[in-house]
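Enquirer: Sharing run.cif here; it has mmCIF, C-alpha atoms and all ligand atoms.
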```cif
data_query
loop_
_atom_site.label_atom_id
_atom_site.label_comp_id
_atom_site.auth_asym_id
_atom_site.auth_seq_id
_atom_site.Cartn_x
_atom_site.Cartn_y
_atom_site.Cartn_z
CA MET C 261 -15.69 -5.64 -5.49
CA ALA C 262 -12.84 -3.90 -3.65
CA ARG C 263 -11.69 -0.59 -5.09
CA ILE C 264 -8.13 0.43 -4.36
CA ALA C 265 -6.55 3.84 -4.96
CA LEU C 266 -2.87 3.54 -5.87
CA ILE C 267 -0.59 6.46 -5.06
CA PRO C 268 2.88 5.45 -6.31
CA GLY C 269 4.32 8.85 -5.35
CA ASP C 270 8.01 9.69 -5.67
CA GLY C 271 11.37 8.00 -6.16
CA VAL C 272 11.38 4.30 -5.38
CA GLY C 273 7.71 4.63 -4.40
CA SER C 274 6.61 4.11 -7.97
CA GLU C 275 9.24 1.40 -8.58
CA VAL C 276 8.07 -0.77 -5.69
CA MET C 277 4.44 -0.03 -6.51
CA THR C 278 4.86 -1.65 -9.94
CA GLN C 279 5.81 -4.88 -8.16
CA ALA C 280 2.95 -4.60 -5.67
CA VAL C 281 0.59 -4.27 -8.63
CA ARG C 282 1.96 -7.50 -10.12
CA VAL C 283 0.91 -9.22 -6.92
CA LEU C 284 -2.52 -7.57 -7.03
CA GLU C 285 -2.87 -8.86 -10.61
CA VAL C 286 -2.09 -12.41 -9.50
CA LEU C 287 -4.71 -12.17 -6.73
CA ARG C 288 -7.30 -10.67 -9.06
CA ASP C 289 -6.65 -13.16 -11.87
CA ALA C 290 -6.84 -16.08 -9.44
CA GLY C 291 -10.25 -14.80 -8.33
CA VAL C 292 -9.19 -14.37 -4.70
CA ASP C 293 -11.27 -11.20 -4.67
CA SER C 294 -12.68 -8.97 -7.31
CA LEU C 295 -10.10 -6.24 -7.12
CA ALA C 296 -10.04 -3.02 -9.12
CA TRP C 297 -7.53 -0.21 -8.82
CA GLU C 298 -6.89 3.24 -10.16
CA GLU C 299 -3.63 5.11 -10.18
CA TRP C 300 -3.51 8.61 -8.74
CA ASP C 301 -1.07 11.22 -9.93
CA LEU C 302 -0.03 12.68 -6.57
CA GLY C 303 3.57 13.52 -5.81
CA ALA C 304 6.48 15.80 -6.57
CA ASP C 305 6.11 15.67 -10.38
CA ARG C 306 2.54 16.83 -10.25
CA PHE C 307 3.33 19.49 -7.64
CA LEU C 308 6.24 20.85 -9.66
CA ARG C 309 4.15 20.78 -12.85
CA THR C 310 0.97 22.38 -11.47
CA GLY C 311 1.77 23.93 -8.08
CA THR C 312 -0.97 21.78 -6.50
CA THR C 313 -0.24 19.12 -3.90
CA ILE C 314 -3.72 17.64 -3.39
CA THR C 315 -7.16 19.25 -3.55
CA ASP C 316 -10.13 19.06 -1.18
CA GLY C 317 -12.04 17.20 -3.90
CA GLU C 318 -9.27 14.63 -4.15
CA PHE C 319 -9.27 14.06 -0.40
CA GLN C 320 -13.04 13.61 -0.58
CA SER C 321 -12.82 11.12 -3.41
CA LEU C 322 -10.05 9.13 -1.71
CA ALA C 323 -12.25 9.02 1.40
CA ASP C 324 -15.54 8.14 -0.33
CA ASP C 325 -14.80 6.17 -3.47
CA TYR C 326 -12.31 3.51 -2.33
CA ASP C 327 -12.10 0.63 0.09
CA ALA C 328 -8.38 1.14 0.62
CA ILE C 329 -5.38 3.18 -0.49
CA LEU C 330 -1.97 1.73 -1.36
CA LEU C 331 0.84 4.29 -1.31
CA GLY C 332 4.48 4.00 -2.41
CA ALA C 333 6.41 6.90 -0.87
CA LEU C 334 6.49 10.68 -0.94
CA GLY C 335 9.54 12.92 -0.76
CA ASP C 336 11.72 14.38 -3.48
CA PRO C 337 14.97 16.34 -3.35
CA ARG C 338 13.46 18.81 -5.85
CA VAL C 339 10.97 19.81 -3.13
CA PRO C 340 13.29 20.55 -0.20
CA SER C 341 10.42 21.99 1.87
CA ASN C 342 8.73 18.56 1.69
CA GLU C 343 5.41 20.40 1.56
CA HIS C 344 3.77 18.08 -0.96
CA ALA C 345 4.61 15.02 1.17
CA ARG C 346 3.21 16.70 4.27
CA ASP C 347 0.05 17.77 2.44
CA ILE C 348 -0.55 14.38 0.86
CA LEU C 349 0.74 11.81 3.34
CA LEU C 350 0.12 13.61 6.64
CA GLY C 351 -2.97 15.15 5.02
CA LEU C 352 -4.44 11.70 4.40
CA ARG C 353 -3.50 10.48 7.87
CA PHE C 354 -5.15 13.50 9.50
CA ARG C 355 -8.12 14.08 7.23
CA LEU C 356 -9.14 10.43 7.07
CA ASP C 357 -8.42 10.29 10.81
CA LEU C 358 -6.21 7.21 10.38
CA TYR C 359 -5.34 7.07 14.04
CA VAL C 360 -3.70 3.63 14.08
CA ASN C 361 -0.31 3.32 12.44
CA TYR C 362 0.25 -0.41 12.63
CA ARG C 363 3.82 -1.50 11.91
CA PRO C 364 4.51 -5.20 12.25
CA CYS C 365 8.23 -5.95 12.61
CA ARG C 366 8.80 -9.64 12.24
CA LEU C 367 12.08 -11.36 11.46
CA LEU C 368 11.17 -13.57 8.50
CA HIS C 369 14.58 -15.20 8.09
CA PRO C 370 17.54 -15.41 10.54
CA ALA C 371 20.08 -14.46 7.87
CA ILE C 372 18.73 -10.92 7.54
CA SER C 373 19.02 -9.98 11.20
CA PRO C 374 21.92 -7.59 11.82
CA LEU C 375 22.16 -8.88 15.40
CA LYS C 376 24.69 -11.58 16.25
CA ALA C 377 22.11 -13.70 18.04
CA GLY C 378 19.13 -12.25 16.18
CA GLY C 379 18.24 -15.52 14.53
CA GLU C 380 17.95 -17.30 17.86
CA ARG C 381 15.87 -14.51 19.37
CA PRO C 382 13.60 -13.52 16.50
CA MET C 383 11.71 -10.29 16.85
CA ASP C 384 7.96 -10.40 16.30
CA LEU C 385 6.80 -7.01 17.37
CA ARG C 386 3.78 -4.93 16.46
CA VAL C 387 4.14 -1.20 16.88
CA PHE C 388 0.92 0.76 17.41
CA ARG C 389 1.94 4.29 16.62
CA GLU C 390 -0.50 7.11 17.33
CA ASN C 391 -0.95 8.71 13.93
CA THR C 392 -3.02 11.88 14.17
CA GLU C 393 -1.50 14.09 16.84
CA GLY C 394 1.68 14.56 18.92
CA VAL C 395 4.32 16.84 17.43
CA TYR C 396 2.96 16.02 13.99
CA GLY C 397 -0.07 18.27 14.60
CA GLY C 398 1.80 21.23 13.15
CA MET C 399 1.03 23.52 16.10
CA GLY C 400 3.64 26.10 16.87
CA GLY C 401 5.50 28.76 15.02
CA SER C 402 8.58 30.84 14.61
CA PHE C 403 9.42 34.21 16.05
CA LYS C 404 12.18 36.52 14.80
CA LYS C 405 13.01 33.97 12.13
CA GLY C 406 16.41 34.35 10.54
CA THR C 407 17.72 36.58 13.32
CA PRO C 408 20.09 35.67 16.17
CA ASP C 409 17.05 35.86 18.50
CA GLU C 410 15.03 33.29 16.57
CA VAL C 411 12.55 31.22 18.56
CA ALA C 412 10.89 28.05 17.23
CA VAL C 413 8.07 26.22 18.98
CA GLN C 414 6.64 22.85 17.96
CA GLU C 415 3.87 21.75 20.30
CA ASP C 416 3.29 18.16 21.38
CA LEU C 417 -0.48 17.86 21.24
CA ASN C 418 -2.00 14.89 23.08
CA THR C 419 -5.71 14.49 23.69
CA ARG C 420 -7.42 12.04 26.01
CA LYS C 421 -9.47 10.81 23.04
CA GLY C 422 -6.43 10.36 20.83
CA VAL C 423 -4.36 8.60 23.47
CA GLU C 424 -7.21 6.37 24.57
CA ARG C 425 -8.18 5.17 21.12
CA ILE C 426 -4.67 4.07 20.12
CA ILE C 427 -4.15 2.32 23.47
CA ARG C 428 -7.50 0.57 23.05
CA ALA C 429 -6.54 -0.47 19.52
CA ALA C 430 -3.31 -2.02 20.82
CA PHE C 431 -5.04 -3.94 23.61
CA GLY C 432 -7.86 -5.02 21.31
CA TYR C 433 -5.36 -6.36 18.81
CA ALA C 434 -3.40 -8.21 21.51
CA LEU C 435 -6.55 -9.82 22.84
CA GLU C 436 -7.74 -10.84 19.38
CA ARG C 437 -4.38 -12.42 18.52
CA GLY C 438 -3.86 -14.11 21.88
CA LEU C 439 -0.80 -11.97 22.67
CA ASP C 440 -0.21 -11.23 26.31
CA ARG C 441 2.39 -8.48 26.47
CA VAL C 442 1.54 -4.83 25.83
CA THR C 443 4.18 -2.16 26.46
CA MET C 444 3.50 1.56 26.46
CA VAL C 445 6.47 3.75 25.55
CA ASP C 446 6.83 7.37 26.57
CA LYS C 447 9.26 9.87 28.08
CA ALA C 448 7.30 10.66 31.23
CA ASN C 449 10.45 11.44 33.21
CA ALA C 450 11.23 14.45 31.02
CA MET C 451 7.76 15.21 29.64
CA PRO C 452 5.52 14.88 32.72
CA HIS C 453 2.31 16.47 31.38
CA VAL C 454 2.05 14.28 28.35
CA GLY C 455 3.48 11.32 30.29
CA SER C 456 0.81 11.62 32.96
CA LEU C 457 -1.99 11.55 30.39
CA TRP C 458 -0.54 8.50 28.61
CA ARG C 459 0.21 6.62 31.84
CA ARG C 460 -3.19 7.22 33.46
CA THR C 461 -4.98 6.28 30.28
CA PHE C 462 -2.86 3.18 29.78
CA GLN C 463 -3.55 2.10 33.38
CA GLU C 464 -7.30 2.65 33.06
CA VAL C 465 -7.67 0.88 29.73
CA SER C 466 -5.45 -2.01 30.85
CA GLU C 467 -7.93 -2.77 33.63
CA GLU C 468 -10.43 -3.76 30.96
CA PHE C 469 -7.91 -6.27 29.56
CA PRO C 470 -6.79 -8.25 32.61
CA LEU C 471 -5.20 -11.03 30.55
CA GLN C 472 -2.48 -8.77 29.28
CA GLU C 473 0.86 -8.30 31.00
CA THR C 474 1.44 -4.55 30.88
CA ARG C 475 4.58 -2.46 31.15
CA THR C 476 5.59 1.12 30.65
CA MET C 477 9.04 2.00 29.37
CA TYR C 478 10.91 5.15 28.56
CA VAL C 479 11.70 5.51 24.89
CA ASP C 480 15.46 5.62 25.37
CA ALA C 481 15.36 2.40 27.39
CA MET C 482 13.13 0.82 24.78
CA ALA C 483 15.55 1.73 21.99
CA MET C 484 18.23 -0.10 23.92
CA ASP C 485 16.02 -3.04 24.81
CA LEU C 486 14.96 -3.66 21.21
CA VAL C 487 18.59 -4.39 20.43
CA ARG C 488 19.39 -6.20 23.67
CA ASN C 489 16.19 -8.25 23.95
CA PRO C 490 14.66 -8.28 20.49
CA ASP C 491 12.18 -11.03 21.38
CA ALA C 492 10.98 -9.49 24.65
CA HIS C 493 8.15 -7.34 23.31
CA GLN C 494 4.95 -8.20 21.50
CA VAL C 495 2.72 -5.13 21.22
CA VAL C 496 4.19 -1.66 21.69
CA VAL C 497 1.93 1.38 21.85
CA THR C 498 3.38 4.85 21.65
CA SER C 499 3.12 8.39 20.36
CA ASN C 500 3.49 9.55 16.79
CA LEU C 501 7.14 10.65 17.02
CA PHE C 502 8.41 7.83 19.22
CA GLY C 503 6.55 5.35 17.01
CA ASP C 504 8.20 6.82 13.92
CA ILE C 505 11.66 6.39 15.40
CA LEU C 506 11.15 3.01 17.06
CA SER C 507 9.57 1.53 13.95
CA ASP C 508 12.65 2.33 11.84
CA LEU C 509 14.81 0.75 14.52
CA ALA C 510 12.58 -2.32 14.74
CA ALA C 511 12.52 -2.49 10.93
CA VAL C 512 16.29 -2.56 10.65
CA LEU C 513 16.46 -5.33 13.23
CA THR C 514 14.18 -7.42 11.03
CA GLY C 515 16.02 -6.89 7.77
CA GLY C 516 15.71 -3.21 7.05
CA LEU C 517 13.30 -0.66 5.66
CA GLY C 518 13.09 -2.55 2.38
CA ILE C 519 11.01 -5.26 4.03
CA ALA C 520 8.86 -3.33 6.55
CA PRO C 521 5.17 -2.75 5.72
CA SER C 522 2.63 -0.60 7.54
CA ALA C 523 -1.08 0.11 7.75
CA ASN C 524 -2.69 3.44 8.61
CA LEU C 525 -6.19 2.71 9.84
CA HIS C 526 -9.36 4.21 11.11
CA PRO C 527 -10.93 0.87 11.98
CA GLY C 528 -14.25 0.40 10.27
CA ARG C 529 -13.81 3.43 8.05
CA HIS C 530 -10.60 4.00 6.11
CA ALA C 531 -7.29 2.26 5.45
CA LEU C 532 -4.03 3.29 3.80
CA PHE C 533 -1.14 0.85 3.35
CA GLU C 534 2.44 1.95 2.70
CA PRO C 535 5.98 0.69 3.19
CA VAL C 536 7.70 2.18 6.25
CA HIS C 537 10.47 3.39 3.95
CA GLY C 538 10.58 6.65 2.05
CA SER C 539 11.37 7.53 -1.54
CA ALA C 540 15.08 6.57 -1.12
CA PRO C 541 16.49 9.22 -3.49
CA ASP C 542 19.96 7.67 -3.08
CA ILE C 543 18.92 4.54 -5.00
CA ALA C 544 15.92 5.80 -7.02
CA GLY C 545 16.26 4.95 -10.71
CA THR C 546 18.86 2.23 -10.15
CA GLY C 547 16.31 -0.60 -10.24
CA THR C 548 17.60 -2.00 -6.94
CA ALA C 549 14.92 -0.94 -4.46
CA ASN C 550 13.57 -3.81 -2.42
CA PRO C 551 9.89 -4.34 -3.31
CA MET C 552 9.20 -6.66 -0.36
CA ALA C 553 7.82 -3.97 1.96
CA ALA C 554 5.37 -2.84 -0.70
CA ILE C 555 4.41 -6.43 -1.47
CA LEU C 556 3.87 -7.19 2.23
CA CYS C 557 1.61 -4.12 2.28
CA VAL C 558 -0.57 -5.94 -0.25
CA GLY C 559 -0.67 -8.77 2.31
CA LEU C 560 -1.87 -6.36 5.02
CA LEU C 561 -4.39 -4.91 2.59
CA MET C 562 -5.76 -8.34 1.73
CA GLU C 563 -6.01 -9.20 5.44
CA TYR C 564 -7.96 -5.98 5.91
CA LEU C 565 -10.30 -7.03 3.10
CA GLY C 566 -10.93 -10.29 4.97
CA HIS C 567 -8.38 -12.55 3.26
CA GLU C 568 -6.17 -13.42 6.22
CA GLU C 569 -4.75 -16.39 4.33
CA VAL C 570 -3.28 -14.15 1.63
CA GLY C 571 -1.31 -12.16 4.20
CA VAL C 572 0.12 -15.40 5.56
CA GLN C 573 0.87 -16.73 2.08
CA LEU C 574 2.67 -13.56 1.06
CA GLU C 575 4.82 -13.67 4.17
CA GLU C 576 5.65 -17.29 3.37
CA VAL C 577 6.56 -16.49 -0.22
CA VAL C 578 8.76 -13.58 0.87
CA THR C 579 10.42 -15.93 3.37
CA GLU C 580 11.07 -18.40 0.54
CA ALA C 581 12.62 -15.60 -1.51
CA LEU C 582 14.89 -14.71 1.42
CA ALA C 583 15.90 -18.34 1.89
CA GLY C 584 16.70 -18.62 -1.83
CA ASP C 585 18.67 -15.35 -1.98
CA ILE C 586 16.15 -13.83 -4.34
CA THR C 587 16.94 -10.43 -2.85
CA THR C 588 18.02 -6.91 -3.74
CA PRO C 589 21.40 -5.49 -2.57
CA ASP C 590 20.03 -4.11 0.72
CA LEU C 591 19.59 -7.74 1.81
CA GLY C 592 22.85 -8.86 0.30
CA GLY C 593 21.47 -10.21 -2.98
CA GLY C 594 22.13 -9.31 -6.58
CA LYS C 595 18.59 -9.19 -7.94
CA THR C 596 16.73 -6.18 -9.26
CA THR C 597 13.43 -4.78 -8.02
CA GLU C 598 11.79 -6.28 -11.08
CA GLU C 599 13.34 -9.73 -10.62
CA VAL C 600 12.33 -9.97 -6.97
CA GLY C 601 8.80 -8.76 -7.76
CA ALA C 602 8.42 -11.17 -10.67
CA TRP C 603 9.70 -14.10 -8.60
CA ILE C 604 7.31 -13.41 -5.73
CA ALA C 605 4.34 -12.89 -8.05
CA GLY C 606 5.17 -16.09 -9.93
CA ARG C 607 5.59 -18.10 -6.78
CA LEU C 608 2.33 -16.77 -5.35
CA ALA C 609 0.46 -17.63 -8.54
CA HIS C 610 1.93 -21.13 -8.40
CA ARG C 611 0.92 -21.62 -4.78
CA ILE C 612 -2.60 -20.38 -5.36
CA ALA C 613 -2.95 -22.72 -8.35
CA ALA C 614 -1.55 -25.70 -6.40
CA PRO C 615 -2.50 -25.23 -2.75
CA GLY C 616 -0.60 -27.29 -0.22
CA HIS C 617 2.23 -27.79 -2.70
CA SER C 618 5.50 -27.69 -0.80
CA PRO C 619 8.44 -25.68 -2.15
CA ALA C 620 10.79 -28.55 -1.33
CA ALA C 621 9.02 -30.70 -3.90
CA ASP C 622 9.97 -28.36 -6.79
P1 LIG H 1 14.28 6.48 3.15
O1 LIG H 1 13.41 5.47 3.82
O2 LIG H 1 13.80 6.96 1.84
O3 LIG H 1 15.76 5.90 2.99
C1 LIG H 1 16.59 5.55 4.11
C2 LIG H 1 17.63 4.53 3.67
O4 LIG H 1 16.99 3.27 3.42
C3 LIG H 1 18.33 4.90 2.36
O5 LIG H 1 19.66 4.49 2.42
C4 LIG H 1 17.59 4.10 1.32
O6 LIG H 1 18.35 3.76 0.18
C5 LIG H 1 17.19 2.85 2.10
N1 LIG H 1 15.93 2.30 1.57
C6 LIG H 1 14.69 2.83 1.72
N2 LIG H 1 13.79 2.09 1.07
C7 LIG H 1 14.46 1.08 0.49
C8 LIG H 1 14.08 -0.02 -0.33
N3 LIG H 1 12.79 -0.22 -0.67
N4 LIG H 1 15.04 -0.86 -0.76
C9 LIG H 1 16.32 -0.69 -0.41
N5 LIG H 1 16.75 0.33 0.36
C10 LIG H 1 15.83 1.21 0.80
O7 LIG H 1 14.42 7.69 4.18
P2 LIG H 1 15.12 9.12 3.96
O8 LIG H 1 16.31 8.99 3.08
O9 LIG H 1 15.24 9.69 5.30
O10 LIG H 1 14.01 9.96 3.21
C11 LIG H 1 13.95 10.16 1.80
C12 LIG H 1 12.65 10.90 1.47
O11 LIG H 1 11.53 10.04 1.74
C13 LIG H 1 12.44 12.15 2.32
O12 LIG H 1 11.82 13.11 1.50
C14 LIG H 1 11.49 11.68 3.41
O13 LIG H 1 10.73 12.73 3.97
C15 LIG H 1 10.63 10.71 2.65
N6 LIG H 1 9.98 9.69 3.46
C16 LIG H 1 8.73 9.34 3.08
C17 LIG H 1 8.05 8.32 3.73
C18 LIG H 1 6.70 7.93 3.26
O14 LIG H 1 6.27 8.29 2.20
N7 LIG H 1 5.97 7.13 4.01
C19 LIG H 1 8.69 7.62 4.76
C20 LIG H 1 9.99 8.00 5.13
C21 LIG H 1 10.64 9.03 4.45
C1 LIG H 2 6.97 7.61 8.04
C2 LIG H 2 7.70 8.84 7.56
C3 LIG H 2 6.85 10.09 7.75
C4 LIG H 2 6.58 10.22 9.23
C5 LIG H 2 7.47 11.37 7.18
C6 LIG H 2 7.70 11.24 5.69
C7 LIG H 2 6.66 12.60 7.47
O1 LIG H 2 8.93 8.94 8.20
O2 LIG H 2 5.88 7.30 7.51
O3 LIG H 2 7.47 6.93 8.95
O4 LIG H 2 7.39 10.77 9.97
O5 LIG H 2 5.53 9.75 9.66
MN MN H 3 9.42 7.23 9.46
#
```
Can you present the structure in this file as structure tokens?
Expert:
Amino acid sequence: MARIALIPGDGVGSEVMTQAVRVLEVLRDAGVDSLAWEEWDLGADRFLRTGTTITDGEFQSLADDYDAILLGALGDPRVPSNEHARDILLGLRFRLDLYVNYRPCRLLHPAISPLKAGGERPMDLRVFRENTEGVYGGMGGSFKKGTPDEVAVQEDLNTRKGVERIIRAAFGYALERGLDRVTMVDKANAMPHVGSLWRRTFQEVSEEFPLQETRTMYVDAMAMDLVRNPDAHQVVVTSNLFGDILSDLAAVLTGGLGIAPSANLHPGRHALFEPVHGSAPDIAGTGTANPMAAILCVGLLMEYLGHEEVGVQLEEVVTEALAGDITTPDLGGGKTTEEVGAWIAGRLAHRIAAPGHSPAAD
């Protein structure tokens, strides 16, 4: 039995979560795994109602009582400080020590690439974003705040342990999947202290993985290269902040935030799956949010639980939806969140019931 904590969160988070749950229902009802889930009331509503973001006891329960967490999104214009999102989302990443932020960016259908030649050079990139330190550590402070002499400091914290474990995770993944290109992204020319730590560590760890072709790139050059040579990179390992930025860029090159899933992992211990996108307040409540990212998160979750085939099947079903224009407006379609979710869930149920059945035969 796999127990899953659901945190729908704010804005479109809860809208896309409803569709992810449909998919979980299909998988449970088909007996793929014995799945059970519980919904957690964490987000802006609860914070505004009670003044509490998340308690120590809740962190403990999320750590101890579940095999995985599935999260929608956190962030609400009614909480301009964003403190609840930091406490809950960054809190879970830090307190569960989810040091791998794995963000696969794969172009599932040529029509959704914004690049002219994107379809001929499909991106299939896996970003390994360090997820527990960097500038996200919260170290720093303000001095003379609100005065003309104000000073603000936000430290970039990088530890040998933290850098080494994410680099190892990237190489380990590449080796396991038979991928031979691992690129480390930094800004060593302008940030030499941190750059030196990352580069030495990358060099040392790479010696243990001689099959991999390794490269280091500056983050500005990488931003350019992702657009210029979208198919040139396979595994990219980088810091928390650079990974945040590059994964939005890579996501938009593969169809946009509406279709980009992610996994936050402490391998062997804890896992949290969430779309790369946020709560999208500009479209929340309109019923047009794309549920594909959240649904592909279910695929990553199932792979994590040992059902690799479900991840593949879900990607295939989403690809079929793209080919058939069963899409929300962000991908040029006219369907609602609900319609896309229902179509994918229905199609998945059909495929599980009739394995090997080809869509063309319908
Ligand atoms: P966002 O990802 O919410 O939205 C960026 C753009 O992408 C918007 O135009 C939005 O409409 C679009 N978009 C996002 N998800 C979509 C979907 N599923 N379907 C169609 N279009 C979609 O980023 P933002 O506007 O910078 O942030 C909004 C709030 O979300 C902020 O509070 C931010 O801090 C938070 N946020 C949370 C997470 C998270 O929970 N993991 C991630 C990013 C941002
Ligand atoms: C993401 C988001 C978060 C991040 C925000 C909401 C703090 O942008 O998951 O990519 O920067 O990590
Ligand atoms: Mn982000």
Enquirer: Distance atom CA of His567 of chain C-atom C6 of ligand LIG 1 (chain H), one decimal place?
Expert: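 One can read the atom CA of His567 of chain C to atom C6 of ligand LIG 1 (chain H) distance as 27.8 Å.
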Enquirer: For segment 473-476 of chain C, please output as a VMD selection string all residues within 9 Å (counting only C-alpha atoms; exclusion window: fewer than 3 positions along the same chain).
Expert: chain C and resid 440 to 446 459 462 to 463 466 470
Enquirer: Within 7 Å of ligand LIG 2 (chain H) (counting all atoms listed in the file), which residues show up? I'd like them as a list in words.
Expert: Leu334, Gly335, Ala345, Arg346, Leu350, Asp504, Val536, His537 and Gly538 of chain C
Enquirer: Wanna dump the chain C-ligand MN 3 (chain H) contacts at 10 Å for me, each residue with its shortest atom pair and the distance in Å to one decimal, counting only C-alpha atoms and all ligand atoms, ordered by chain and number, as a tab-separated table?
Expert:
```
residue	atom	partner	partner_atom	distance
C:Asn500	CA	H:MN3	MN	9.7
C:Leu501	CA	H:MN3	MN	8.6
C:Phe502	CA	H:MN3	MN	9.8
C:Gly503	CA	H:MN3	MN	8.3
C:Asp504	CA	H:MN3	MN	4.6
C:Ile505	CA	H:MN3	MN	6.4
C:Leu506	CA	H:MN3	MN	8.9
C:Ser507	CA	H:MN3	MN	7.3
C:Asp508	CA	H:MN3	MN	6.3
C:Leu509	CA	H:MN3	MN	9.8
C:Leu517	CA	H:MN3	MN	9.6
C:Pro535	CA	H:MN3	MN	9.7
C:Val536	CA	H:MN3	MN	6.2
C:His537	CA	H:MN3	MN	6.8
C:Gly538	CA	H:MN3	MN	7.5
```
Enquirer: Neighbours of ligand LIG 1 (chain H) within 8 Å, counting all atoms listed in the file, as a VMD selection string?
Expert: chain C and resid 269 272 to 273 276 331 to 337 340 342 345 349 516 to 519 534 to 544 548 to 554 588 to 590
Enquirer: List the neighbours of Arg488 of chain C out to 12 Å using only C-alpha atoms; skip same-chain residues closer than 2 positions along the sequence, and give me the result as a VMD selection string.
Expert: chain C and resid 375 to 378 381 to 383 481 to 486 490 to 493 510 513
Enquirer: Can those selected residues be exported to a file as a tab-separated table (two decimals), in the frame of the given file so that it contains C-alpha atoms?
Expert:
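Saved file selection38.tsv follows:
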```tsv
chain	number	residue	atom	x	y	z
C	375	LEU	CA	22.16	-8.88	15.40
C	376	LYS	CA	24.69	-11.58	16.25
C	377	ALA	CA	22.11	-13.70	18.04
C	378	GLY	CA	19.13	-12.25	16.18
C	381	ARG	CA	15.87	-14.51	19.37
C	382	PRO	CA	13.60	-13.52	16.50
C	383	MET	CA	11.71	-10.29	16.85
C	481	ALA	CA	15.36	2.40	27.39
C	482	MET	CA	13.13	0.82	24.78
C	483	ALA	CA	15.55	1.73	21.99
C	484	MET	CA	18.23	-0.10	23.92
C	485	ASP	CA	16.02	-3.04	24.81
C	486	LEU	CA	14.96	-3.66	21.21
C	490	PRO	CA	14.66	-8.28	20.49
C	491	ASP	CA	12.18	-11.03	21.38
C	492	ALA	CA	10.98	-9.49	24.65
C	493	HIS	CA	8.15	-7.34	23.31
C	510	ALA	CA	12.58	-2.32	14.74
C	513	LEU	CA	16.46	-5.33	13.23
```
Enquirer: What gap, in Å, lies between atom CA of Gly317 of chain C and atom CA of Tyr362 of chain C?
Expert: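 For atom CA of Gly317 of chain C relative to atom CA of Tyr362 of chain C, the distance reads 27.1 Å.
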Enquirer: Sorted by chain and rising residue number, list the residues of segment 514-577 of chain C at most 9 Å from segment 324-327 of chain C (counting all atoms listed in the file), each with its closest atom pair and distance in Å to one decimal, as a Markdown table.
Expert:
```
| residue | atom | partner | partner_atom | distance |
| --- | --- | --- | --- | --- |
| C:Arg529 | CA | C:Asp327 | CA | 8.6 |
| C:His530 | CA | C:Asp327 | CA | 7.1 |
| C:Ala531 | CA | C:Asp327 | CA | 7.4 |
| C:Leu565 | CA | C:Asp327 | CA | 8.4 |
```
